[in-house]
Amino acid sequence: EIVSHPLENADISDLENYTWPDPESVPQSEIDEIVPKAKALHENTDYVVCASHPVYGIFELGCWMLGFEEFLVRLLTDEPFVRRFFEIITEYQKKVIDRYYPPLAPYIDFTSSGDDFATQQGLFVSPKVFERLIAPYFAERISYTKKYISCPYLHHSCGNVSSLIPQLKNCGVDI
């Protein structure tokens with residue numbers, strides 16, 4: 001099976017010309033449907049209510065859109081491209097966050113995000129590369145989310161991320 005990666009072999013100008021998804025493409029009615037359910041669970045049950053992450057993580061999106069190997073190589077060889085890619089994704093994430101959290105925030109006990117940073121044996125990138133290229137955008141997403149929420153922020157990552165735990169905490173991860 002051949003897998004197509006829409007930005008494979010792209011250059012930085014391709015990022016500017018790419019047709020990115022519209023954050024308004026999810027009908028507000030779909031978001032609004034969640035709110036009364038969360039409110040009912042929050043006010044009438046002992047359940048803990050989690051707001052699932054409404055957007056994918058920047059690292060995984062890079063791997064999906066460029067191909068895993070190419071994106072890992074880009075992280076080491078083409079910092080301007082990676083930073084611009086992360087800027088575009090972070091701006092998209094913030095627009096979705098602006099729509100998702102305001103009506104939902106009063107009724108959630110924690111929120112979550114996911115972005116797999118490791119295999120079982122270790123990280124996909126060194127802690128220094130994570131700190132320089134991934135952490136700033138990850139932290140921005142979390143701080144932007146925390147403008148709307150007063151609950152803990154959980155981050156899921158597959159693999160052994162134990163060496164990143166201090167950085168994840170510095171980025172704003174609570175759980």
# chains A, B, ... in the order shown; residues from 1 in each chain; ligands from 1
>>> residues_around(residues="Ile34 of chain A", least_positions_apart="3", cutoff="10 Å", atoms="only C-alpha atoms", output="PyMOL selection string")
chain A and resi 29-31+37-39+51+100+103-104
>>> write_last_selection(atoms="all heavy atoms", output="short mmCIF file (atom, residue, chain, number, x, y, z; two decimals), in the first residue's frame")
data_model
loop_
_atom_site.label_atom_id
_atom_site.label_comp_id
_atom_site.auth_asym_id
_atom_site.auth_seq_id
_atom_site.Cartn_x
_atom_site.Cartn_y
_atom_site.Cartn_z
N SER A 29 -22.74 23.57 15.77
CA SER A 29 -23.78 22.71 16.36
C SER A 29 -23.18 21.43 16.93
O SER A 29 -23.66 20.92 17.95
CB SER A 29 -24.86 22.39 15.34
OG SER A 29 -24.30 21.70 14.23
N GLU A 30 -22.12 20.92 16.30
CA GLU A 30 -21.47 19.71 16.83
C GLU A 30 -20.79 19.99 18.16
O GLU A 30 -20.81 19.16 19.07
CB GLU A 30 -20.47 19.14 15.83
CG GLU A 30 -21.13 18.47 14.65
CD GLU A 30 -20.13 17.80 13.73
OE1 GLU A 30 -19.04 17.40 14.20
OE2 GLU A 30 -20.44 17.69 12.53
N ILE A 31 -20.19 21.15 18.27
CA ILE A 31 -19.58 21.53 19.54
C ILE A 31 -20.67 21.79 20.57
O ILE A 31 -20.58 21.33 21.72
CB ILE A 31 -18.68 22.77 19.35
CG1 ILE A 31 -17.52 22.44 18.40
CG2 ILE A 31 -18.16 23.29 20.69
CD1 ILE A 31 -16.70 23.62 17.95
N LYS A 37 -24.39 17.69 27.47
CA LYS A 37 -24.00 16.37 27.98
C LYS A 37 -22.95 16.52 29.08
O LYS A 37 -23.05 15.88 30.13
CB LYS A 37 -23.47 15.51 26.83
CG LYS A 37 -24.52 15.15 25.81
CD LYS A 37 -23.91 14.42 24.62
CE LYS A 37 -24.94 14.22 23.53
NZ LYS A 37 -24.38 13.63 22.33
N ALA A 38 -21.96 17.36 28.82
CA ALA A 38 -20.93 17.60 29.83
C ALA A 38 -21.52 18.24 31.07
O ALA A 38 -21.18 17.86 32.20
CB ALA A 38 -19.82 18.48 29.25
N LYS A 39 -22.42 19.19 30.88
CA LYS A 39 -23.07 19.86 32.01
C LYS A 39 -23.86 18.87 32.85
O LYS A 39 -23.75 18.87 34.09
CB LYS A 39 -23.98 20.98 31.52
CG LYS A 39 -24.65 21.74 32.64
CD LYS A 39 -25.52 22.87 32.13
CE LYS A 39 -26.13 23.58 33.33
NZ LYS A 39 -27.06 24.63 32.94
N ALA A 51 -12.48 16.74 28.71
CA ALA A 51 -12.60 17.30 27.36
C ALA A 51 -11.47 16.71 26.53
O ALA A 51 -10.30 16.99 26.79
CB ALA A 51 -12.51 18.82 27.39
N TYR A 100 -13.89 25.65 20.97
CA TYR A 100 -14.20 24.43 21.73
C TYR A 100 -14.34 24.67 23.23
O TYR A 100 -15.28 24.20 23.86
CB TYR A 100 -13.10 23.42 21.44
CG TYR A 100 -13.24 22.07 22.11
CD1 TYR A 100 -14.18 21.15 21.67
CD2 TYR A 100 -12.39 21.70 23.14
CE1 TYR A 100 -14.28 19.89 22.25
CE2 TYR A 100 -12.47 20.44 23.72
CZ TYR A 100 -13.42 19.55 23.28
OH TYR A 100 -13.51 18.31 23.86
N PRO A 103 -17.49 27.31 25.74
CA PRO A 103 -18.77 26.81 26.25
C PRO A 103 -18.63 25.56 27.13
O PRO A 103 -19.50 25.26 27.94
CB PRO A 103 -19.56 26.48 24.98
CG PRO A 103 -18.53 26.19 23.94
CD PRO A 103 -17.36 27.08 24.30
N LEU A 104 -17.53 24.85 26.99
CA LEU A 104 -17.35 23.57 27.66
C LEU A 104 -16.61 23.68 29.00
O LEU A 104 -16.84 22.87 29.91
CB LEU A 104 -16.57 22.64 26.72
CG LEU A 104 -16.56 21.16 26.97
CD1 LEU A 104 -17.98 20.61 27.02
CD2 LEU A 104 -15.76 20.46 25.89
#
>>> residues_around(residues="Arg74 of chain A", least_positions_apart="5", cutoff="12 Å", atoms="only C-alpha atoms", output="list in words")
Leu7, Glu8, Asn9, Ala10, Asp11, Ile12, Phe59, Gly62, Cys63, Leu66, Gly67, Phe68, Glu69, Glu79, Pro80, Phe81, Val82, Arg83, Arg84, Phe85, Val125, Val129 and Leu133 of chain A
>>> write_last_selection(atoms="N, CA and C atoms", output="PDB file, in the first residue's frame")
ATOM      1  N   LEU A   7       2.609  16.815   2.192  1.00  0.00           N
ATOM      2  CA  LEU A   7       3.697  17.796   2.155  1.00  0.00           C
ATOM      3  C   LEU A   7       5.064  17.147   1.980  1.00  0.00           C
ATOM      4  N   GLU A   8       5.075  15.892   1.575  1.00  0.00           N
ATOM      5  CA  GLU A   8       6.337  15.211   1.331  1.00  0.00           C
ATOM      6  C   GLU A   8       7.113  15.980   0.267  1.00  0.00           C
ATOM      7  N   ASN A   9       8.373  16.224   0.520  1.00  0.00           N
ATOM      8  CA  ASN A   9       9.271  16.964  -0.378  1.00  0.00           C
ATOM      9  C   ASN A   9       8.875  18.438  -0.554  1.00  0.00           C
ATOM     10  N   ALA A  10       8.074  18.962   0.343  1.00  0.00           N
ATOM     11  CA  ALA A  10       7.645  20.360   0.252  1.00  0.00           C
ATOM     12  C   ALA A  10       8.777  21.286   0.680  1.00  0.00           C
ATOM     13  N   ASP A  11       8.713  22.522   0.189  1.00  0.00           N
ATOM     14  CA  ASP A  11       9.609  23.543   0.717  1.00  0.00           C
ATOM     15  C   ASP A  11       8.751  24.556   1.480  1.00  0.00           C
ATOM     16  N   ILE A  12       9.384  25.544   2.042  1.00  0.00           N
ATOM     17  CA  ILE A  12       8.663  26.474   2.911  1.00  0.00           C
ATOM     18  C   ILE A  12       7.572  27.234   2.156  1.00  0.00           C
ATOM     19  N   PHE A  59       3.774  17.418  16.467  1.00  0.00           N
ATOM     20  CA  PHE A  59       4.781  16.439  16.059  1.00  0.00           C
ATOM     21  C   PHE A  59       4.143  15.353  15.198  1.00  0.00           C
ATOM     22  N   GLY A  62       3.256  16.553  11.731  1.00  0.00           N
ATOM     23  CA  GLY A  62       4.425  16.627  10.872  1.00  0.00           C
ATOM     24  C   GLY A  62       4.768  15.271  10.286  1.00  0.00           C
ATOM     25  N   CYS A  63       4.729  14.241  11.126  1.00  0.00           N
ATOM     26  CA  CYS A  63       5.030  12.884  10.657  1.00  0.00           C
ATOM     27  C   CYS A  63       3.994  12.404   9.649  1.00  0.00           C
ATOM     28  N   LEU A  66       4.304  14.820   6.216  1.00  0.00           N
ATOM     29  CA  LEU A  66       5.535  14.766   5.435  1.00  0.00           C
ATOM     30  C   LEU A  66       6.062  13.346   5.294  1.00  0.00           C
ATOM     31  N   GLY A  67       5.571  12.459   6.108  1.00  0.00           N
ATOM     32  CA  GLY A  67       6.152  11.126   6.213  1.00  0.00           C
ATOM     33  C   GLY A  67       7.086  11.123   7.403  1.00  0.00           C
ATOM     34  N   PHE A  68       7.086  10.033   8.128  1.00  0.00           N
ATOM     35  CA  PHE A  68       7.823   9.957   9.385  1.00  0.00           C
ATOM     36  C   PHE A  68       9.311  10.251   9.193  1.00  0.00           C
ATOM     37  N   GLU A  69       9.934   9.524   8.295  1.00  0.00           N
ATOM     38  CA  GLU A  69      11.378   9.687   8.102  1.00  0.00           C
ATOM     39  C   GLU A  69      11.723  11.105   7.649  1.00  0.00           C
ATOM     40  N   GLU A  79      15.344  23.768  10.078  1.00  0.00           N
ATOM     41  CA  GLU A  79      14.630  24.429  11.168  1.00  0.00           C
ATOM     42  C   GLU A  79      13.646  25.493  10.694  1.00  0.00           C
ATOM     43  N   PRO A  80      13.959  26.329   9.697  1.00  0.00           N
ATOM     44  CA  PRO A  80      12.966  27.315   9.256  1.00  0.00           C
ATOM     45  C   PRO A  80      11.664  26.663   8.772  1.00  0.00           C
ATOM     46  N   PHE A  81      11.779  25.586   8.027  1.00  0.00           N
ATOM     47  CA  PHE A  81      10.587  24.876   7.550  1.00  0.00           C
ATOM     48  C   PHE A  81       9.781  24.338   8.727  1.00  0.00           C
ATOM     49  N   VAL A  82      10.451  23.675   9.660  1.00  0.00           N
ATOM     50  CA  VAL A  82       9.774  23.081  10.816  1.00  0.00           C
ATOM     51  C   VAL A  82       9.095  24.154  11.649  1.00  0.00           C
ATOM     52  N   ARG A  83       9.793  25.243  11.895  1.00  0.00           N
ATOM     53  CA  ARG A  83       9.183  26.323  12.698  1.00  0.00           C
ATOM     54  C   ARG A  83       7.955  26.904  12.000  1.00  0.00           C
ATOM     55  N   ARG A  84       8.040  27.107  10.696  1.00  0.00           N
ATOM     56  CA  ARG A  84       6.880  27.647   9.982  1.00  0.00           C
ATOM     57  C   ARG A  84       5.723  26.648  10.003  1.00  0.00           C
ATOM     58  N   PHE A  85       6.016  25.374   9.809  1.00  0.00           N
ATOM     59  CA  PHE A  85       4.991  24.339   9.901  1.00  0.00           C
ATOM     60  C   PHE A  85       4.321  24.382  11.278  1.00  0.00           C
ATOM     61  N   VAL A 125      13.145  12.190  19.145  1.00  0.00           N
ATOM     62  CA  VAL A 125      14.166  13.236  19.004  1.00  0.00           C
ATOM     63  C   VAL A 125      14.831  13.435  20.360  1.00  0.00           C
ATOM     64  N   VAL A 129      16.498  18.761  21.033  1.00  0.00           N
ATOM     65  CA  VAL A 129      15.679  19.083  19.862  1.00  0.00           C
ATOM     66  C   VAL A 129      14.236  19.330  20.304  1.00  0.00           C
ATOM     67  N   LEU A 133      12.631  22.911  19.426  1.00  0.00           N
ATOM     68  CA  LEU A 133      11.686  22.983  18.316  1.00  0.00           C
ATOM     69  C   LEU A 133      10.245  22.606  18.650  1.00  0.00           C
TER      70      LEU A 133
END
>>> closest_residue(among="A:Gln167, A:Ser162, A:Thr111, A:Ser52", to="Ile134 of chain A", atoms="only C-alpha atoms")
A:Gln167
>>> atom_distance(atom1="atom CA of Ile175 of chain A", atom2="atom CA of Tyr153 of chain A")
6.2 Å
>>> closest_residue(among="A:Gly114, A:Pro23, A:Pro166, A:Gly172", to="Cys151 of chain A", atoms="only C-alpha atoms")
A:Gly172
>>> select_by_dssp(residues="segment 18-93 of chain A", states="helix (DSSP H, G or I)", output="number ranges by chain")
A: 23-25, 28-44, 58-66, 68-77, 79-93
>>> write_last_selection(atoms="N, CA and C atoms", output="short mmCIF file (atom, residue, chain, number, x, y, z; two decimals), in the first residue's frame")
data_model
loop_
_atom_site.label_atom_id
_atom_site.label_comp_id
_atom_site.auth_asym_id
_atom_site.auth_seq_id
_atom_site.Cartn_x
_atom_site.Cartn_y
_atom_site.Cartn_z
N PRO A 23 -10.67 25.95 10.36
CA PRO A 23 -11.13 25.65 11.72
C PRO A 23 -12.64 25.85 11.90
N GLU A 24 -13.23 26.59 11.01
CA GLU A 24 -14.68 26.79 11.08
C GLU A 24 -15.45 25.67 10.39
N SER A 25 -14.73 24.70 9.83
CA SER A 25 -15.40 23.63 9.07
C SER A 25 -16.21 22.69 9.95
N GLN A 28 -20.59 24.54 14.41
CA GLN A 28 -20.72 24.92 15.82
C GLN A 28 -21.75 24.04 16.51
N SER A 29 -22.74 23.57 15.77
CA SER A 29 -23.78 22.71 16.36
C SER A 29 -23.18 21.43 16.93
N GLU A 30 -22.12 20.92 16.30
CA GLU A 30 -21.47 19.71 16.83
C GLU A 30 -20.79 19.99 18.16
N ILE A 31 -20.19 21.15 18.27
CA ILE A 31 -19.58 21.53 19.54
C ILE A 31 -20.67 21.79 20.57
N ASP A 32 -21.72 22.49 20.16
CA ASP A 32 -22.80 22.81 21.08
C ASP A 32 -23.52 21.57 21.61
N GLU A 33 -23.53 20.49 20.86
CA GLU A 33 -24.16 19.24 21.32
C GLU A 33 -23.43 18.64 22.51
N ILE A 34 -22.15 18.88 22.61
CA ILE A 34 -21.35 18.31 23.69
C ILE A 34 -21.65 19.00 25.02
N VAL A 35 -21.92 20.28 24.99
CA VAL A 35 -22.03 21.09 26.20
C VAL A 35 -23.12 20.59 27.15
N PRO A 36 -24.37 20.37 26.71
CA PRO A 36 -25.37 19.91 27.68
C PRO A 36 -25.06 18.53 28.26
N LYS A 37 -24.39 17.69 27.47
CA LYS A 37 -24.00 16.37 27.98
C LYS A 37 -22.95 16.52 29.08
N ALA A 38 -21.96 17.36 28.82
CA ALA A 38 -20.93 17.60 29.83
C ALA A 38 -21.52 18.24 31.07
N LYS A 39 -22.42 19.19 30.88
CA LYS A 39 -23.07 19.86 32.01
C LYS A 39 -23.86 18.87 32.85
N ALA A 40 -24.62 18.02 32.20
CA ALA A 40 -25.43 17.02 32.93
C ALA A 40 -24.53 16.06 33.71
N LEU A 41 -23.48 15.59 33.08
CA LEU A 41 -22.56 14.70 33.78
C LEU A 41 -21.89 15.40 34.96
N HIS A 42 -21.47 16.63 34.73
CA HIS A 42 -20.77 17.40 35.76
C HIS A 42 -21.68 17.70 36.96
N GLU A 43 -22.91 18.08 36.68
CA GLU A 43 -23.81 18.52 37.75
C GLU A 43 -24.62 17.40 38.39
N ASN A 44 -24.82 16.28 37.69
CA ASN A 44 -25.75 15.27 38.18
C ASN A 44 -25.15 13.90 38.45
N ILE A 58 1.34 18.71 17.13
CA ILE A 58 2.18 19.21 16.04
C ILE A 58 3.20 18.18 15.55
N PHE A 59 3.77 17.42 16.47
CA PHE A 59 4.78 16.44 16.06
C PHE A 59 4.14 15.35 15.20
N GLU A 60 3.04 14.79 15.66
CA GLU A 60 2.37 13.73 14.89
C GLU A 60 1.91 14.26 13.53
N LEU A 61 1.38 15.47 13.50
CA LEU A 61 0.95 16.02 12.21
C LEU A 61 2.11 16.15 11.24
N GLY A 62 3.26 16.55 11.73
CA GLY A 62 4.43 16.63 10.87
C GLY A 62 4.77 15.27 10.29
N CYS A 63 4.73 14.24 11.13
CA CYS A 63 5.03 12.88 10.66
C CYS A 63 3.99 12.40 9.65
N TRP A 64 2.75 12.72 9.88
CA TRP A 64 1.68 12.27 8.98
C TRP A 64 1.73 13.02 7.65
N MET A 65 2.00 14.32 7.71
CA MET A 65 1.90 15.14 6.51
C MET A 65 3.14 15.10 5.63
N LEU A 66 4.30 14.82 6.22
CA LEU A 66 5.53 14.77 5.43
C LEU A 66 6.06 13.35 5.29
N PHE A 68 7.09 10.03 8.13
CA PHE A 68 7.82 9.96 9.39
C PHE A 68 9.31 10.25 9.19
N GLU A 69 9.93 9.52 8.29
CA GLU A 69 11.38 9.69 8.10
C GLU A 69 11.72 11.10 7.65
N GLU A 70 10.98 11.61 6.69
CA GLU A 70 11.28 12.95 6.18
C GLU A 70 11.13 14.00 7.28
N PHE A 71 10.07 13.87 8.10
CA PHE A 71 9.87 14.88 9.13
C PHE A 71 10.98 14.82 10.18
N LEU A 72 11.39 13.63 10.55
CA LEU A 72 12.48 13.52 11.52
C LEU A 72 13.77 14.13 10.96
N VAL A 73 14.03 13.91 9.69
CA VAL A 73 15.21 14.51 9.06
C VAL A 73 15.06 16.03 9.05
N ARG A 74 13.87 16.53 8.73
CA ARG A 74 13.64 17.98 8.69
C ARG A 74 13.88 18.63 10.06
N LEU A 75 13.50 17.91 11.12
CA LEU A 75 13.73 18.45 12.46
C LEU A 75 15.21 18.74 12.70
N LEU A 76 16.07 17.99 12.04
CA LEU A 76 17.51 18.16 12.23
C LEU A 76 18.17 19.01 11.16
N THR A 77 17.52 19.18 10.01
CA THR A 77 18.20 19.82 8.88
C THR A 77 17.51 21.07 8.34
N GLU A 79 15.34 23.77 10.08
CA GLU A 79 14.63 24.43 11.17
C GLU A 79 13.65 25.49 10.69
N PRO A 80 13.96 26.33 9.70
CA PRO A 80 12.97 27.32 9.26
C PRO A 80 11.66 26.66 8.77
N PHE A 81 11.78 25.59 8.03
CA PHE A 81 10.59 24.88 7.55
C PHE A 81 9.78 24.34 8.73
N VAL A 82 10.45 23.67 9.66
CA VAL A 82 9.77 23.08 10.82
C VAL A 82 9.10 24.15 11.65
N ARG A 83 9.79 25.24 11.90
CA ARG A 83 9.18 26.32 12.70
C ARG A 83 7.95 26.90 12.00
N ARG A 84 8.04 27.11 10.70
CA ARG A 84 6.88 27.65 9.98
C ARG A 84 5.72 26.65 10.00
N PHE A 85 6.02 25.37 9.81
CA PHE A 85 4.99 24.34 9.90
C PHE A 85 4.32 24.38 11.28
N PHE A 86 5.13 24.42 12.34
CA PHE A 86 4.59 24.46 13.70
C PHE A 86 3.79 25.74 13.96
N GLU A 87 4.24 26.86 13.42
CA GLU A 87 3.49 28.12 13.58
C GLU A 87 2.10 28.00 12.97
N ILE A 88 2.04 27.45 11.77
CA ILE A 88 0.75 27.30 11.08
C ILE A 88 -0.17 26.37 11.87
N ILE A 89 0.37 25.25 12.31
CA ILE A 89 -0.44 24.29 13.06
C ILE A 89 -0.89 24.90 14.39
N THR A 90 -0.01 25.60 15.07
CA THR A 90 -0.37 26.21 16.35
C THR A 90 -1.47 27.25 16.18
N GLU A 91 -1.40 28.05 15.14
CA GLU A 91 -2.47 29.03 14.89
C GLU A 91 -3.80 28.33 14.62
N TYR A 92 -3.76 27.24 13.87
CA TYR A 92 -4.97 26.45 13.63
C TYR A 92 -5.50 25.90 14.96
N GLN A 93 -4.61 25.33 15.78
CA GLN A 93 -5.02 24.77 17.06
C GLN A 93 -5.71 25.85 17.91
#
>>> closest_residue(among="A:Val161, A:Val55, A:Ile108, A:Val26", to="Ser126 of chain A", atoms="only C-alpha atoms")
A:Val161
>>> residues_around(residues="Leu123 of chain A", least_positions_apart="2", cutoff="12 Å", atoms="only C-alpha atoms", output="PDB file with N, CA, C and O atoms, in the first residue's frame")
ATOM      1  N   LEU A  72      11.388  13.630  10.555  1.00  0.00           N
ATOM      2  CA  LEU A  72      12.482  13.519  11.523  1.00  0.00           C
ATOM      3  C   LEU A  72      13.769  14.129  10.963  1.00  0.00           C
ATOM      4  O   LEU A  72      14.496  14.822  11.684  1.00  0.00           O
ATOM      5  N   ASP A 116       2.450  11.725  20.249  1.00  0.00           N
ATOM      6  CA  ASP A 116       3.397  10.675  20.618  1.00  0.00           C
ATOM      7  C   ASP A 116       4.825  11.128  20.350  1.00  0.00           C
ATOM      8  O   ASP A 116       5.206  11.367  19.204  1.00  0.00           O
ATOM      9  N   PHE A 117       5.600  11.233  21.415  1.00  0.00           N
ATOM     10  CA  PHE A 117       6.968  11.729  21.326  1.00  0.00           C
ATOM     11  C   PHE A 117       8.021  10.625  21.418  1.00  0.00           C
ATOM     12  O   PHE A 117       9.214  10.921  21.411  1.00  0.00           O
ATOM     13  N   ALA A 118       7.595   9.347  21.537  1.00  0.00           N
ATOM     14  CA  ALA A 118       8.591   8.308  21.794  1.00  0.00           C
ATOM     15  C   ALA A 118       8.108   6.928  21.348  1.00  0.00           C
ATOM     16  O   ALA A 118       6.929   6.720  21.084  1.00  0.00           O
ATOM     17  N   THR A 119       9.068   6.023  21.310  1.00  0.00           N
ATOM     18  CA  THR A 119       8.792   4.592  21.185  1.00  0.00           C
ATOM     19  C   THR A 119       8.973   4.004  22.583  1.00  0.00           C
ATOM     20  O   THR A 119       9.330   4.729  23.525  1.00  0.00           O
ATOM     21  N   GLN A 120       8.785   2.708  22.734  1.00  0.00           N
ATOM     22  CA  GLN A 120       8.999   2.095  24.040  1.00  0.00           C
ATOM     23  C   GLN A 120      10.464   2.183  24.453  1.00  0.00           C
ATOM     24  O   GLN A 120      10.783   2.182  25.630  1.00  0.00           O
ATOM     25  N   GLN A 121      11.371   2.251  23.484  1.00  0.00           N
ATOM     26  CA  GLN A 121      12.795   2.300  23.785  1.00  0.00           C
ATOM     27  C   GLN A 121      13.311   3.716  24.063  1.00  0.00           C
ATOM     28  O   GLN A 121      14.340   3.878  24.699  1.00  0.00           O
ATOM     29  N   VAL A 125      13.145  12.190  19.145  1.00  0.00           N
ATOM     30  CA  VAL A 125      14.166  13.236  19.004  1.00  0.00           C
ATOM     31  C   VAL A 125      14.831  13.435  20.360  1.00  0.00           C
ATOM     32  O   VAL A 125      14.272  13.081  21.397  1.00  0.00           O
ATOM     33  N   SER A 126      15.993  14.017  20.358  1.00  0.00           N
ATOM     34  CA  SER A 126      16.705  14.251  21.616  1.00  0.00           C
ATOM     35  C   SER A 126      15.945  15.272  22.468  1.00  0.00           C
ATOM     36  O   SER A 126      15.184  16.102  21.941  1.00  0.00           O
ATOM     37  N   PRO A 127      16.183  15.245  23.777  1.00  0.00           N
ATOM     38  CA  PRO A 127      15.572  16.275  24.625  1.00  0.00           C
ATOM     39  C   PRO A 127      15.927  17.700  24.184  1.00  0.00           C
ATOM     40  O   PRO A 127      15.108  18.602  24.299  1.00  0.00           O
ATOM     41  N   LYS A 128      17.135  17.894  23.649  1.00  0.00           N
ATOM     42  CA  LYS A 128      17.533  19.238  23.189  1.00  0.00           C
ATOM     43  C   LYS A 128      16.724  19.668  21.966  1.00  0.00           C
ATOM     44  O   LYS A 128      16.307  20.825  21.866  1.00  0.00           O
ATOM     45  N   VAL A 129      16.498  18.761  21.033  1.00  0.00           N
ATOM     46  CA  VAL A 129      15.679  19.083  19.862  1.00  0.00           C
ATOM     47  C   VAL A 129      14.236  19.330  20.304  1.00  0.00           C
ATOM     48  O   VAL A 129      13.591  20.270  19.835  1.00  0.00           O
ATOM     49  N   PHE A 130      13.743  18.512  21.219  1.00  0.00           N
ATOM     50  CA  PHE A 130      12.395  18.723  21.745  1.00  0.00           C
ATOM     51  C   PHE A 130      12.288  20.117  22.361  1.00  0.00           C
ATOM     52  O   PHE A 130      11.348  20.868  22.066  1.00  0.00           O
ATOM     53  N   SER A 157       1.134  10.553  25.669  1.00  0.00           N
ATOM     54  CA  SER A 157       2.160  10.253  24.672  1.00  0.00           C
ATOM     55  C   SER A 157       2.473   8.773  24.773  1.00  0.00           C
ATOM     56  O   SER A 157       2.734   8.268  25.862  1.00  0.00           O
ATOM     57  N   CYS A 158       2.425   8.090  23.663  1.00  0.00           N
ATOM     58  CA  CYS A 158       2.893   6.713  23.649  1.00  0.00           C
ATOM     59  C   CYS A 158       4.402   6.722  23.855  1.00  0.00           C
ATOM     60  O   CYS A 158       5.076   7.689  23.524  1.00  0.00           O
ATOM     61  N   GLY A 159       4.914   5.623  24.379  1.00  0.00           N
ATOM     62  CA  GLY A 159       6.344   5.452  24.478  1.00  0.00           C
ATOM     63  C   GLY A 159       6.941   5.942  25.777  1.00  0.00           C
ATOM     64  O   GLY A 159       6.251   6.442  26.664  1.00  0.00           O
ATOM     65  N   ASN A 160       8.231   5.797  25.880  1.00  0.00           N
ATOM     66  CA  ASN A 160       8.982   6.139  27.073  1.00  0.00           C
ATOM     67  C   ASN A 160       9.417   7.599  27.017  1.00  0.00           C
ATOM     68  O   ASN A 160      10.453   7.930  26.435  1.00  0.00           O
ATOM     69  N   VAL A 161       8.643   8.457  27.631  1.00  0.00           N
ATOM     70  CA  VAL A 161       8.945   9.892  27.645  1.00  0.00           C
ATOM     71  C   VAL A 161       9.487  10.343  29.001  1.00  0.00           C
ATOM     72  O   VAL A 161       9.493  11.536  29.288  1.00  0.00           O
ATOM     73  N   SER A 162       9.960   9.396  29.803  1.00  0.00           N
ATOM     74  CA  SER A 162      10.398   9.749  31.160  1.00  0.00           C
ATOM     75  C   SER A 162      11.443  10.872  31.154  1.00  0.00           C
ATOM     76  O   SER A 162      11.423  11.731  32.035  1.00  0.00           O
ATOM     77  N   SER A 163      12.331  10.889  30.172  1.00  0.00           N
ATOM     78  CA  SER A 163      13.353  11.948  30.140  1.00  0.00           C
ATOM     79  C   SER A 163      12.776  13.320  29.769  1.00  0.00           C
ATOM     80  O   SER A 163      13.439  14.337  29.952  1.00  0.00           O
ATOM     81  N   LEU A 164      11.546  13.340  29.284  1.00  0.00           N
ATOM     82  CA  LEU A 164      10.907  14.622  28.933  1.00  0.00           C
ATOM     83  C   LEU A 164       9.998  15.153  30.033  1.00  0.00           C
ATOM     84  O   LEU A 164       9.488  16.270  29.912  1.00  0.00           O
ATOM     85  N   ILE A 165       9.782  14.386  31.086  1.00  0.00           N
ATOM     86  CA  ILE A 165       8.801  14.805  32.095  1.00  0.00           C
ATOM     87  C   ILE A 165       9.071  16.210  32.633  1.00  0.00           C
ATOM     88  O   ILE A 165       8.144  17.028  32.704  1.00  0.00           O
TER      89      ILE A 165
END
